[in-house]
>>> print(open('work-v5.pdb').read())   # PDB, C-alpha atoms
ATOM      1  CA  MET A   1     -15.067  -9.096  16.227
ATOM      2  CA  ILE A   2     -11.551  -8.108  15.165
ATOM      3  CA  SER A   3     -10.072 -11.365  16.450
ATOM      4  CA  LYS A   4     -12.162 -13.395  13.978
ATOM      5  CA  ARG A   5     -10.763 -11.617  10.932
ATOM      6  CA  ARG A   6      -8.119 -13.095   8.689
ATOM      7  CA  SER A   7      -4.852 -11.484   7.650
ATOM      8  CA  PHE A   8      -5.716 -10.518   4.089
ATOM      9  CA  ILE A   9      -7.097  -7.592   2.101
ATOM     10  CA  VAL A  10      -9.137  -8.029  -1.080
ATOM     11  CA  GLY A  11     -10.690  -5.969  -3.819
ATOM     12  CA  ILE A  12     -14.264  -6.269  -5.092
ATOM     13  CA  LYS A  13     -15.564  -6.300  -8.644
ATOM     14  CA  GLY A  14     -18.095  -3.527  -9.052
ATOM     15  CA  ILE A  15     -19.857  -0.458  -7.697
ATOM     16  CA  LYS A  16     -21.849  -2.449  -5.144
ATOM     17  CA  LEU A  17     -21.413  -5.724  -3.338
ATOM     18  CA  SER A  18     -22.714  -8.782  -5.146
ATOM     19  CA  PRO A  19     -24.536 -11.537  -3.205
ATOM     20  CA  LYS A  20     -21.461 -13.771  -3.602
ATOM     21  CA  GLU A  21     -19.199 -11.042  -2.240
ATOM     22  CA  ILE A  22     -21.465 -10.498   0.758
ATOM     23  CA  THR A  23     -21.366 -14.228   1.499
ATOM     24  CA  PHE A  24     -17.581 -14.240   1.085
ATOM     25  CA  LEU A  25     -17.046 -11.283   3.436
ATOM     26  CA  LYS A  26     -19.290 -12.783   6.109
ATOM     27  CA  LYS A  27     -17.589 -16.170   5.920
ATOM     28  CA  TYR A  28     -13.911 -15.287   5.541
ATOM     29  CA  ARG A  29     -13.814 -11.868   7.253
ATOM     30  CA  PRO A  30     -10.832 -10.149   5.577
ATOM     31  CA  TRP A  31      -8.788  -7.633   7.564
ATOM     32  CA  GLY A  32      -9.728  -4.927   5.051
ATOM     33  CA  ILE A  33     -11.078  -4.057   1.593
ATOM     34  CA  ILE A  34      -9.276  -2.046  -1.100
ATOM     35  CA  LEU A  35     -11.158   0.033  -3.680
ATOM     36  CA  PHE A  36     -10.153   0.877  -7.249
ATOM     37  CA  SER A  37     -11.532   3.015 -10.081
ATOM     38  CA  ARG A  38     -13.891   0.183 -11.059
ATOM     39  CA  ASN A  39     -15.621   0.586  -7.690
ATOM     40  CA  ILE A  40     -16.147   4.346  -7.881
ATOM     41  CA  LYS A  41     -18.881   5.852 -10.042
ATOM     42  CA  SER A  42     -20.191   8.751  -7.946
ATOM     43  CA  PHE A  43     -19.931  10.277  -4.472
ATOM     44  CA  ASN A  44     -23.180   8.808  -3.126
ATOM     45  CA  GLN A  45     -22.599   5.420  -4.730
ATOM     46  CA  THR A  46     -19.119   5.135  -3.171
ATOM     47  CA  LYS A  47     -20.389   6.220   0.229
ATOM     48  CA  ASN A  48     -23.177   3.640   0.032
ATOM     49  CA  LEU A  49     -20.661   0.980  -0.959
ATOM     50  CA  THR A  50     -18.376   1.635   2.013
ATOM     51  CA  LEU A  51     -21.374   1.811   4.357
ATOM     52  CA  SER A  52     -22.555  -1.583   3.111
ATOM     53  CA  ILE A  53     -19.112  -3.056   3.808
ATOM     54  CA  LYS A  54     -18.997  -1.552   7.309
ATOM     55  CA  LYS A  55     -22.507  -2.808   8.018
ATOM     56  CA  ILE A  56     -21.407  -6.409   7.389
ATOM     57  CA  PHE A  57     -18.684  -6.059  10.010
ATOM     58  CA  LYS A  58     -20.760  -3.805  12.309
ATOM     59  CA  ASP A  59     -17.748  -1.508  12.379
ATOM     60  CA  LYS A  60     -17.864   2.191  11.455
ATOM     61  CA  ASN A  61     -14.048   2.253  11.213
ATOM     62  CA  TYR A  62     -13.541  -0.994   9.303
ATOM     63  CA  PRO A  63     -10.312  -0.663   7.246
ATOM     64  CA  ILE A  64     -11.103   0.470   3.699
ATOM     65  CA  LEU A  65      -8.128   1.316   1.519
ATOM     66  CA  ILE A  66      -7.593   3.134  -1.741
ATOM     67  CA  ASP A  67      -4.591   3.533  -4.025
ATOM     68  CA  GLN A  68      -4.728   7.326  -4.347
ATOM     69  CA  GLU A  69      -1.210   8.547  -5.070
ATOM     70  CA  GLY A  70      -2.247  11.237  -7.544
ATOM     71  CA  GLY A  71      -0.781  11.425 -11.044
ATOM     72  CA  ASN A  72      -1.346   8.244 -13.040
ATOM     73  CA  VAL A  73      -2.419   6.333  -9.938
ATOM     74  CA  SER A  74      -5.614   8.202  -9.194
ATOM     75  CA  ARG A  75      -8.655   6.081  -8.382
ATOM     76  CA  ILE A  76     -11.105   8.927  -7.689
ATOM     77  CA  GLU A  77     -11.079  10.509 -11.159
ATOM     78  CA  LYS A  78     -14.867  10.247 -11.401
ATOM     79  CA  LEU A  79     -15.169  12.367  -8.257
ATOM     80  CA  ILE A  80     -12.321  14.858  -8.630
ATOM     81  CA  THR A  81      -9.273  15.103 -10.858
ATOM     82  CA  ALA A  82      -5.896  14.657  -9.181
ATOM     83  CA  ARG A  83      -3.713  13.670 -12.120
ATOM     84  CA  ALA A  84      -1.688  16.871 -11.937
ATOM     85  CA  PHE A  85      -0.582  16.038  -8.397
ATOM     86  CA  SER A  86       1.932  13.267  -9.048
ATOM     87  CA  GLY A  87       4.959  12.456  -6.957
ATOM     88  CA  TYR A  88       7.061  14.082  -9.664
ATOM     89  CA  TYR A  89       4.977  17.264  -9.322
ATOM     90  CA  PHE A  90       5.602  17.545  -5.582
ATOM     91  CA  GLY A  91       9.315  16.859  -5.977
ATOM     92  CA  SER A  92       9.593  19.538  -8.666
ATOM     93  CA  SER A  93       7.527  21.954  -6.575
ATOM     94  CA  TYR A  94       9.941  21.527  -3.684
ATOM     95  CA  LEU A  95      12.923  22.423  -5.876
ATOM     96  CA  ASN A  96      11.115  25.500  -7.193
ATOM     97  CA  ASP A  97       9.779  26.749  -3.859
ATOM     98  CA  LYS A  98      11.263  25.071  -0.772
ATOM     99  CA  LYS A  99       9.673  27.530   1.652
ATOM    100  CA  ASN A 100       6.096  26.743   0.653
ATOM    101  CA  ILE A 101       6.216  22.995   0.011
ATOM    102  CA  SER A 102       4.725  22.236   3.426
ATOM    103  CA  ASN A 103       1.815  24.589   2.758
ATOM    104  CA  LEU A 104       1.220  23.022  -0.642
ATOM    105  CA  ILE A 105       1.192  19.505   0.798
ATOM    106  CA  ASN A 106      -1.014  20.590   3.710
ATOM    107  CA  VAL A 107      -3.663  22.087   1.423
ATOM    108  CA  TYR A 108      -3.609  19.089  -0.915
ATOM    109  CA  VAL A 109      -3.762  16.483   1.853
ATOM    110  CA  ASP A 110      -6.463  18.391   3.763
ATOM    111  CA  GLN A 111      -8.731  18.408   0.723
ATOM    112  CA  LEU A 112      -8.006  14.804  -0.230
ATOM    113  CA  SER A 113      -8.443  13.570   3.343
ATOM    114  CA  TYR A 114     -11.793  15.323   3.637
ATOM    115  CA  LEU A 115     -13.058  13.624   0.481
ATOM    116  CA  LEU A 116     -11.734  10.191   1.468
ATOM    117  CA  LYS A 117     -13.342  10.381   4.900
ATOM    118  CA  GLU A 118     -16.638  11.538   3.432
ATOM    119  CA  ILE A 119     -16.792   8.494   1.144
ATOM    120  CA  GLY A 120     -15.768   6.140   3.950
ATOM    121  CA  ILE A 121     -12.077   5.489   3.249
ATOM    122  CA  ASN A 122      -9.510   5.558   6.061
ATOM    123  CA  ILE A 123      -6.273   4.200   4.554
ATOM    124  CA  ASN A 124      -4.407   5.572   1.534
ATOM    125  CA  THR A 125      -1.715   3.332   0.026
ATOM    126  CA  ALA A 126       0.764   6.166  -0.366
ATOM    127  CA  PRO A 127       3.328   7.713  -0.352
ATOM    128  CA  VAL A 128       5.763   6.138  -2.798
ATOM    129  CA  LEU A 129       9.245   6.345  -1.261
ATOM    130  CA  ASP A 130      11.115   4.817  -4.193
ATOM    131  CA  ILE A 131      14.083   6.792  -5.536
ATOM    132  CA  ARG A 132      13.742   7.643  -9.222
ATOM    133  CA  ARG A 133      16.575   7.000 -11.693
ATOM    134  CA  ASN A 134      16.710   7.888 -15.368
ATOM    135  CA  PHE A 135      16.251   4.164 -16.104
ATOM    136  CA  THR A 136      13.430   3.528 -13.612
ATOM    137  CA  ASN A 137      10.561   1.743 -15.318
ATOM    138  CA  LYS A 138       7.934   4.143 -16.626
ATOM    139  CA  VAL A 139       5.216   2.543 -14.461
ATOM    140  CA  LEU A 140       6.958   4.066 -11.452
ATOM    141  CA  PHE A 141       8.784   7.066 -12.887
ATOM    142  CA  ASP A 142       6.375   9.944 -12.183
ATOM    143  CA  ARG A 143       5.131   8.312  -8.978
ATOM    144  CA  SER A 144       8.485   8.997  -7.327
ATOM    145  CA  PHE A 145       9.188  12.343  -5.692
ATOM    146  CA  SER A 146      12.820  12.619  -6.753
ATOM    147  CA  ASN A 147      16.161  11.064  -7.618
ATOM    148  CA  ASN A 148      17.488  12.532  -4.359
ATOM    149  CA  LYS A 149      17.104  10.161  -1.393
ATOM    150  CA  LYS A 150      16.922  12.942   1.195
ATOM    151  CA  LEU A 151      14.234  14.764  -0.750
ATOM    152  CA  VAL A 152      12.194  11.574  -1.165
ATOM    153  CA  LYS A 153      12.378  11.010   2.577
ATOM    154  CA  LYS A 154      11.537  14.625   3.465
ATOM    155  CA  ILE A 155       8.479  14.881   1.231
ATOM    156  CA  GLY A 156       7.329  11.391   2.173
ATOM    157  CA  THR A 157       7.511  12.296   5.852
ATOM    158  CA  LEU A 158       5.438  15.440   5.265
ATOM    159  CA  PHE A 159       2.739  13.381   3.537
ATOM    160  CA  ILE A 160       2.665  10.685   6.223
ATOM    161  CA  GLU A 161       2.464  13.179   9.074
ATOM    162  CA  LYS A 162      -0.247  15.289   7.439
ATOM    163  CA  PHE A 163      -2.448  12.334   6.489
ATOM    164  CA  HIS A 164      -2.162  11.029  10.046
ATOM    165  CA  LYS A 165      -3.206  14.383  11.474
ATOM    166  CA  ASN A 166      -6.292  14.063   9.291
ATOM    167  CA  LYS A 167      -6.927  10.525  10.614
ATOM    168  CA  ILE A 168      -6.122   8.864   7.313
ATOM    169  CA  LEU A 169      -3.513   6.120   7.684
ATOM    170  CA  THR A 170      -0.816   5.659   5.047
ATOM    171  CA  VAL A 171       0.996   2.723   3.457
ATOM    172  CA  MET A 172       4.531   3.619   2.407
ATOM    173  CA  LYS A 173       5.798   1.709  -0.591
ATOM    174  CA  HIS A 174       7.479  -0.193  -2.032
ATOM    175  CA  ILE A 175       9.693  -1.288   0.830
ATOM    176  CA  PRO A 176      12.707  -1.627   0.800
ATOM    177  CA  GLY A 177      12.856   0.355  -2.489
ATOM    178  CA  HIS A 178      11.702  -0.192  -6.073
ATOM    179  CA  GLY A 179      13.541   2.597  -7.911
ATOM    180  CA  LEU A 180      16.311   0.408  -9.348
ATOM    181  CA  ALA A 181      13.818  -1.822 -11.170
ATOM    182  CA  THR A 182      13.785  -1.589 -14.956
ATOM    183  CA  ASN A 183      10.894  -4.039 -15.409
ATOM    184  CA  ASP A 184       7.236  -3.537 -14.534
ATOM    185  CA  SER A 185       6.493  -5.987 -11.705
ATOM    186  CA  HIS A 186       2.871  -6.238 -12.835
ATOM    187  CA  PHE A 187       4.176  -8.343 -15.739
ATOM    188  CA  LEU A 188       7.798  -9.379 -15.077
ATOM    189  CA  THR A 189      10.084 -10.004 -12.108
ATOM    190  CA  PRO A 190      12.576  -7.137 -11.735
ATOM    191  CA  VAL A 191      16.072  -8.153 -10.646
ATOM    192  CA  VAL A 192      18.360  -5.651  -8.895
ATOM    193  CA  THR A 193      22.071  -6.421  -8.638
ATOM    194  CA  LYS A 194      23.321  -3.645  -6.339
ATOM    195  CA  LYS A 195      25.111  -4.724  -3.163
ATOM    196  CA  LEU A 196      23.557  -4.460   0.290
ATOM    197  CA  SER A 197      25.948  -1.668   1.316
ATOM    198  CA  TYR A 198      24.743   0.492  -1.591
ATOM    199  CA  LEU A 199      21.084  -0.335  -0.993
ATOM    200  CA  ASN A 200      21.334   0.447   2.712
ATOM    201  CA  LYS A 201      22.810   3.893   2.019
ATOM    202  CA  ASN A 202      20.442   4.733  -0.813
ATOM    203  CA  ASP A 203      17.197   2.893  -1.583
ATOM    204  CA  PHE A 204      16.551   1.830   2.008
ATOM    205  CA  PHE A 205      17.168   5.350   3.324
ATOM    206  CA  PRO A 206      13.741   6.983   2.717
ATOM    207  CA  PHE A 207      11.978   4.210   4.678
ATOM    208  CA  LYS A 208      14.087   4.540   7.820
ATOM    209  CA  LYS A 209      12.530   6.133  10.931
ATOM    210  CA  GLN A 210       9.204   6.744   9.206
ATOM    211  CA  LYS A 211       6.266   6.832  11.612
ATOM    212  CA  CYS A 212       4.007   4.845   9.361
ATOM    213  CA  LEU A 213       1.801   1.987  10.552
ATOM    214  CA  PHE A 214       1.931   0.150   7.207
ATOM    215  CA  ALA A 215       4.511  -0.621   4.531
ATOM    216  CA  MET A 216       3.939  -2.471   1.248
ATOM    217  CA  THR A 217       6.544  -4.837  -0.167
ATOM    218  CA  ALA A 218       8.289  -4.623  -3.523
ATOM    219  CA  HIS A 219       7.859  -7.646  -5.804
ATOM    220  CA  ILE A 220      11.508  -7.485  -6.870
ATOM    221  CA  ILE A 221      14.585  -9.677  -6.405
ATOM    222  CA  PHE A 222      17.674  -8.195  -4.757
ATOM    223  CA  LYS A 223      20.151 -10.652  -6.210
ATOM    224  CA  SER A 224      23.005  -9.922  -3.795
ATOM    225  CA  ILE A 225      20.760 -10.677  -0.792
ATOM    226  CA  ASP A 226      18.397 -13.395  -2.012
ATOM    227  CA  PRO A 227      18.969 -14.467  -5.630
ATOM    228  CA  ASN A 228      15.831 -16.612  -5.830
ATOM    229  CA  LEU A 229      12.965 -14.866  -4.065
ATOM    230  CA  THR A 230      11.261 -11.492  -4.312
ATOM    231  CA  VAL A 231      11.089  -9.276  -1.231
ATOM    232  CA  THR A 232       7.526 -10.487  -0.592
ATOM    233  CA  HIS A 233       8.732 -14.096  -0.295
ATOM    234  CA  SER A 234      12.196 -13.573   1.185
ATOM    235  CA  LYS A 235      12.794 -14.142   4.900
ATOM    236  CA  LYS A 236      16.244 -12.625   4.460
ATOM    237  CA  ILE A 237      14.924  -9.334   3.104
ATOM    238  CA  ILE A 238      11.994  -9.100   5.508
ATOM    239  CA  LYS A 239      14.570  -9.518   8.274
ATOM    240  CA  ILE A 240      16.561  -6.619   6.779
ATOM    241  CA  ILE A 241      13.375  -4.513   6.708
ATOM    242  CA  ARG A 242      12.923  -5.260  10.406
ATOM    243  CA  LYS A 243      16.559  -4.918  11.486
ATOM    244  CA  LYS A 244      18.436  -2.542   9.156
ATOM    245  CA  ILE A 245      15.533  -0.331   8.122
ATOM    246  CA  GLY A 246      13.979  -0.687  11.559
ATOM    247  CA  PHE A 247      10.347  -0.955  10.470
ATOM    248  CA  LYS A 248       8.417  -2.477  13.378
ATOM    249  CA  ASN A 249       4.838  -2.163  12.170
ATOM    250  CA  ILE A 250       2.549  -3.948   9.680
ATOM    251  CA  ILE A 251       4.060  -5.299   6.463
ATOM    252  CA  ILE A 252       1.528  -5.773   3.655
ATOM    253  CA  SER A 253       2.423  -7.661   0.498
ATOM    254  CA  ASP A 254       1.912  -5.997  -2.853
ATOM    255  CA  ASP A 255      -0.837  -7.610  -4.956
ATOM    256  CA  LEU A 256      -0.375 -11.396  -4.996
ATOM    257  CA  SER A 257      -1.857 -11.667  -8.489
ATOM    258  CA  MET A 258       0.965  -9.662 -10.090
ATOM    259  CA  LYS A 259       3.093 -11.590 -12.588
ATOM    260  CA  ALA A 260       6.350 -10.842 -10.762
ATOM    261  CA  LEU A 261       5.435 -13.680  -8.395
ATOM    262  CA  LYS A 262       6.045 -16.991 -10.106
ATOM    263  CA  PHE A 263       4.267 -19.480  -7.870
ATOM    264  CA  SER A 264       0.618 -20.497  -7.723
ATOM    265  CA  LEU A 265      -1.684 -18.147  -5.866
ATOM    266  CA  VAL A 266      -1.839 -20.573  -2.949
ATOM    267  CA  GLU A 267       1.947 -20.741  -2.774
ATOM    268  CA  ASN A 268       2.267 -16.971  -3.209
ATOM    269  CA  THR A 269       0.014 -16.566  -0.189
ATOM    270  CA  LYS A 270       1.742 -19.145   2.003
ATOM    271  CA  LYS A 271       5.245 -17.967   1.113
ATOM    272  CA  ALA A 272       4.392 -14.325   1.872
ATOM    273  CA  PHE A 273       3.296 -15.229   5.397
ATOM    274  CA  SER A 274       6.232 -17.597   5.857
ATOM    275  CA  ALA A 275       8.645 -14.816   4.862
ATOM    276  CA  GLY A 276       7.207 -12.465   7.476
ATOM    277  CA  CYS A 277       4.467 -10.439   5.797
ATOM    278  CA  ASN A 278       1.684  -9.686   8.266
ATOM    279  CA  ILE A 279      -1.112  -9.140   5.732
ATOM    280  CA  VAL A 280      -1.421 -10.206   2.090
ATOM    281  CA  LEU A 281      -3.130  -8.181  -0.620
ATOM    282  CA  HIS A 282      -5.235  -9.490  -3.507
ATOM    283  CA  CYS A 283      -6.767  -6.913  -5.821
ATOM    284  CA  ASN A 284      -8.550  -8.245  -8.916
ATOM    285  CA  GLY A 285     -11.865  -9.133  -7.262
ATOM    286  CA  LYS A 286     -12.091 -12.671  -8.654
ATOM    287  CA  ILE A 287     -14.049 -14.674  -6.090
ATOM    288  CA  SER A 288     -12.382 -17.997  -6.906
ATOM    289  CA  GLU A 289      -8.939 -16.480  -6.300
ATOM    290  CA  MET A 290     -10.090 -14.565  -3.230
ATOM    291  CA  LYS A 291     -11.186 -17.854  -1.651
ATOM    292  CA  GLU A 292      -7.745 -19.370  -2.216
ATOM    293  CA  VAL A 293      -6.118 -16.404  -0.503
ATOM    294  CA  ALA A 294      -8.647 -16.434   2.341
ATOM    295  CA  ILE A 295      -8.311 -20.143   3.101
ATOM    296  CA  ASN A 296      -4.537 -19.815   3.308
ATOM    297  CA  SER A 297      -4.512 -16.655   5.432
ATOM    298  CA  PRO A 298      -4.321 -17.056   9.216
ATOM    299  CA  LYS A 299      -6.443 -15.254  11.773
ATOM    300  CA  LEU A 300      -4.849 -12.230  13.408
ATOM    301  CA  ASN A 301      -1.973 -13.120  15.732
ATOM    302  CA  GLY A 302      -1.031 -11.119  18.824
ATOM    303  CA  PHE A 303       1.239  -8.725  16.921
ATOM    304  CA  LEU A 304      -1.316  -7.933  14.237
ATOM    305  CA  MET A 305      -4.102  -7.617  16.791
ATOM    306  CA  LYS A 306      -2.047  -5.067  18.738
ATOM    307  CA  LYS A 307      -1.205  -3.065  15.608
ATOM    308  CA  THR A 308      -4.808  -3.212  14.389
ATOM    309  CA  LEU A 309      -5.913  -1.654  17.661
ATOM    310  CA  GLU A 310      -3.372   1.128  17.004
ATOM    311  CA  PHE A 311      -5.077   1.682  13.646
ATOM    312  CA  TYR A 312      -8.467   2.055  15.338
ATOM    313  CA  LYS A 313      -7.080   4.427  17.935
ATOM    314  CA  THR A 314      -5.655   6.659  15.193
ATOM    315  CA  VAL A 315      -8.692   6.858  12.893
ATOM    316  CA  ASN A 316     -11.363   7.087  15.586
TER     317      ASN A 316
END
>>> encode(input="work-v5.pdb", output="structure tokens")
Amino acid sequence: MISKRRSFIVGIKGIKLSPKEITFLKKYRPWGIILFSRNIKSFNQTKNLTLSIKKIFKDKNYPILIDQEGGNVSRIEKLITARAFSGYYFGSSYLNDKKNISNLINVYVDQLSYLLKEIGININTAPVLDIRRNFTNKVLFDRSFSNNKKLVKKIGTLFIEKFHKNKILTVMKHIPGHGLATNDSHFLTPVVTKKLSYLNKNDFFPFKKQKCLFAMTAHIIFKSIDPNLTVTHSKKIIKIIRKKIGFKNIIISDDLSMKALKFSLVENTKKAFSAGCNIVLHCNGKISEMKEVAINSPKLNGFLMKKTLEFYKTVN
């Protein structure tokens, strides 16, 4: 039953579920599972993996996510190459041929959606709506569509709408904007000093009025708003996401095991929920850590239950 699930998403270690992972999933019942390159060896193997997960939950539409942006963030390389199709590629393609960008995105998303559905995946953690600068950290640089906020929003909207038409849900990221970060949040805590008025006009802009059921937080500090806490842990910034940006749907934390978060894993989990995240994400597949996240994640509340039912209505 959906109501018995807990408000967290985890990764798994290998190409099939281990006995310990099966026990974990049955006991703690995460909201969803996210797959990475380490989990994907072949078409049939991946399909069998997702079927085994769905069998545990007796749910053909159980939420299974993948981080398939294209470019350097391409988890299905063993099935099909998508490295050419980065955010930078689509932004450049728009500038070169504005009339046909919709057709290009439609063809790409149709093919990708077909493959994802065939292997049992129904949520893609894309698009990236961060605005690129010439100083943006290289980990994010080619994942961004453009340095133009309106172009980022336009292309992002096209991706979201097309994936949804194909019954693949999307997770826009990294809300409320990661493009001003010069550090890689996998290893360090980026600190952004721009004022709220600037951020609201620029970095927040691509996220506004997007019809996306999910958004993923940025593990960065906006010093002028909350000098001590990253977005994931900041009640002040989550409130801005709700009020100024107007995002009313499910907020998912970025990976809690990233080094940008400076507390223990237990505290990272508790503080994310306290700040207003609806679901927390843990990716590395370490069972001992997964248990810490699970124990400190609540069961679905009324809001998350309602939004989860919206997910099922869309993908069914």
>>> residues_around(input="work-v5.pdb", residues="region 299-309 of chain A", least_positions_apart="4", cutoff="10 Å", atoms="all atoms listed in the file", output="PyMOL selection string")
chain A and resi 2-8+28-31+63+213-214+248-251+278-279+294+313-314
>>> residues_around(input="work-v5.pdb", residues="Lys165 (chain A)", least_positions_apart="5", cutoff="10 Å", atoms="all atoms listed in the file", output="list in words")
Val109, Asp110, Ser113, Phe159, Ile160, Thr314 and Val315 of chain A
>>> atom_distance(input="work-v5.pdb", atom1="CA of Lys47 (chain A)", atom2="CA of Gly120 (chain A)")
5.9 Å
>>> residues_around(input="work-v5.pdb", residues="Lys153 (chain A)", least_positions_apart="3", cutoff="9 Å", atoms="all atoms listed in the file", output="ChimeraX atom specification")
/A:129,145,148-150,156-158,205-208,210
>>> write_last_selection(input="work-v5.pdb", atoms="C-alpha atoms", output="PDB file, in the coordinates of the input")
ATOM      1  CA  LEU A 129       9.245   6.345  -1.261  1.00  0.00           C
ATOM      2  CA  PHE A 145       9.188  12.343  -5.692  1.00  0.00           C
ATOM      3  CA  ASN A 148      17.488  12.532  -4.359  1.00  0.00           C
ATOM      4  CA  LYS A 149      17.104  10.161  -1.393  1.00  0.00           C
ATOM      5  CA  LYS A 150      16.922  12.942   1.195  1.00  0.00           C
ATOM      6  CA  GLY A 156       7.329  11.391   2.173  1.00  0.00           C
ATOM      7  CA  THR A 157       7.511  12.296   5.852  1.00  0.00           C
ATOM      8  CA  LEU A 158       5.438  15.440   5.265  1.00  0.00           C
ATOM      9  CA  PHE A 205      17.168   5.350   3.324  1.00  0.00           C
ATOM     10  CA  PRO A 206      13.741   6.983   2.717  1.00  0.00           C
ATOM     11  CA  PHE A 207      11.978   4.210   4.678  1.00  0.00           C
ATOM     12  CA  LYS A 208      14.087   4.540   7.820  1.00  0.00           C
ATOM     13  CA  GLN A 210       9.204   6.744   9.206  1.00  0.00           C
TER      14      GLN A 210
END
>>> resolve_selection(input="work-v5.pdb", expression="the PyMOL selection byres ((chain A and resi 241) around 12)", output="PyMOL selection string")
chain A and resi 174-177+199-200+203-205+207-209+215-218+231-232+234-240+242-251+275-277
>>> residues_around(input="work-v5.pdb", residues="Ile66 (chain A)", least_positions_apart="2", cutoff="10 Å", atoms="all atoms listed in the file", output="PyMOL selection string")
chain A and resi 11+33-37+64+68-69+74-76+116+121-126+170
>>> closest_residue(input="work-v5.pdb", among="A:Asp67, A:Asp142, A:Asp59, A:Glu21", to="Met172 (chain A)", atoms="all atoms listed in the file")
A:Asp67
>>> atom_distance(input="work-v5.pdb", atom1="CA of Leu169 (chain A)", atom2="CA of Asn48 (chain A)")
21.2 Å
>>> resolve_selection(input="work-v5.pdb", expression="the PyMOL selection byres ((chain A and resi 105) around 9)", output="ChimeraX atom specification")
/A:90,100-104,106-110,155,158-159,162
>>> axis_aligned_box(input="work-v5.pdb", around="region 25-31 of chain A", padding_each_side="3 Å", output="AutoDock Vina command-line options")
--center_x -14.0 --center_y -11.9 --center_z 5.5 --size_x 16.5 --size_y 14.5 --size_z 10.1
>>> closest_residue(input="work-v5.pdb", among="A:Ile295, A:Lys262, A:Leu79, A:Ser253", to="Leu281 (chain A)", atoms="all atoms listed in the file")
A:Ser253
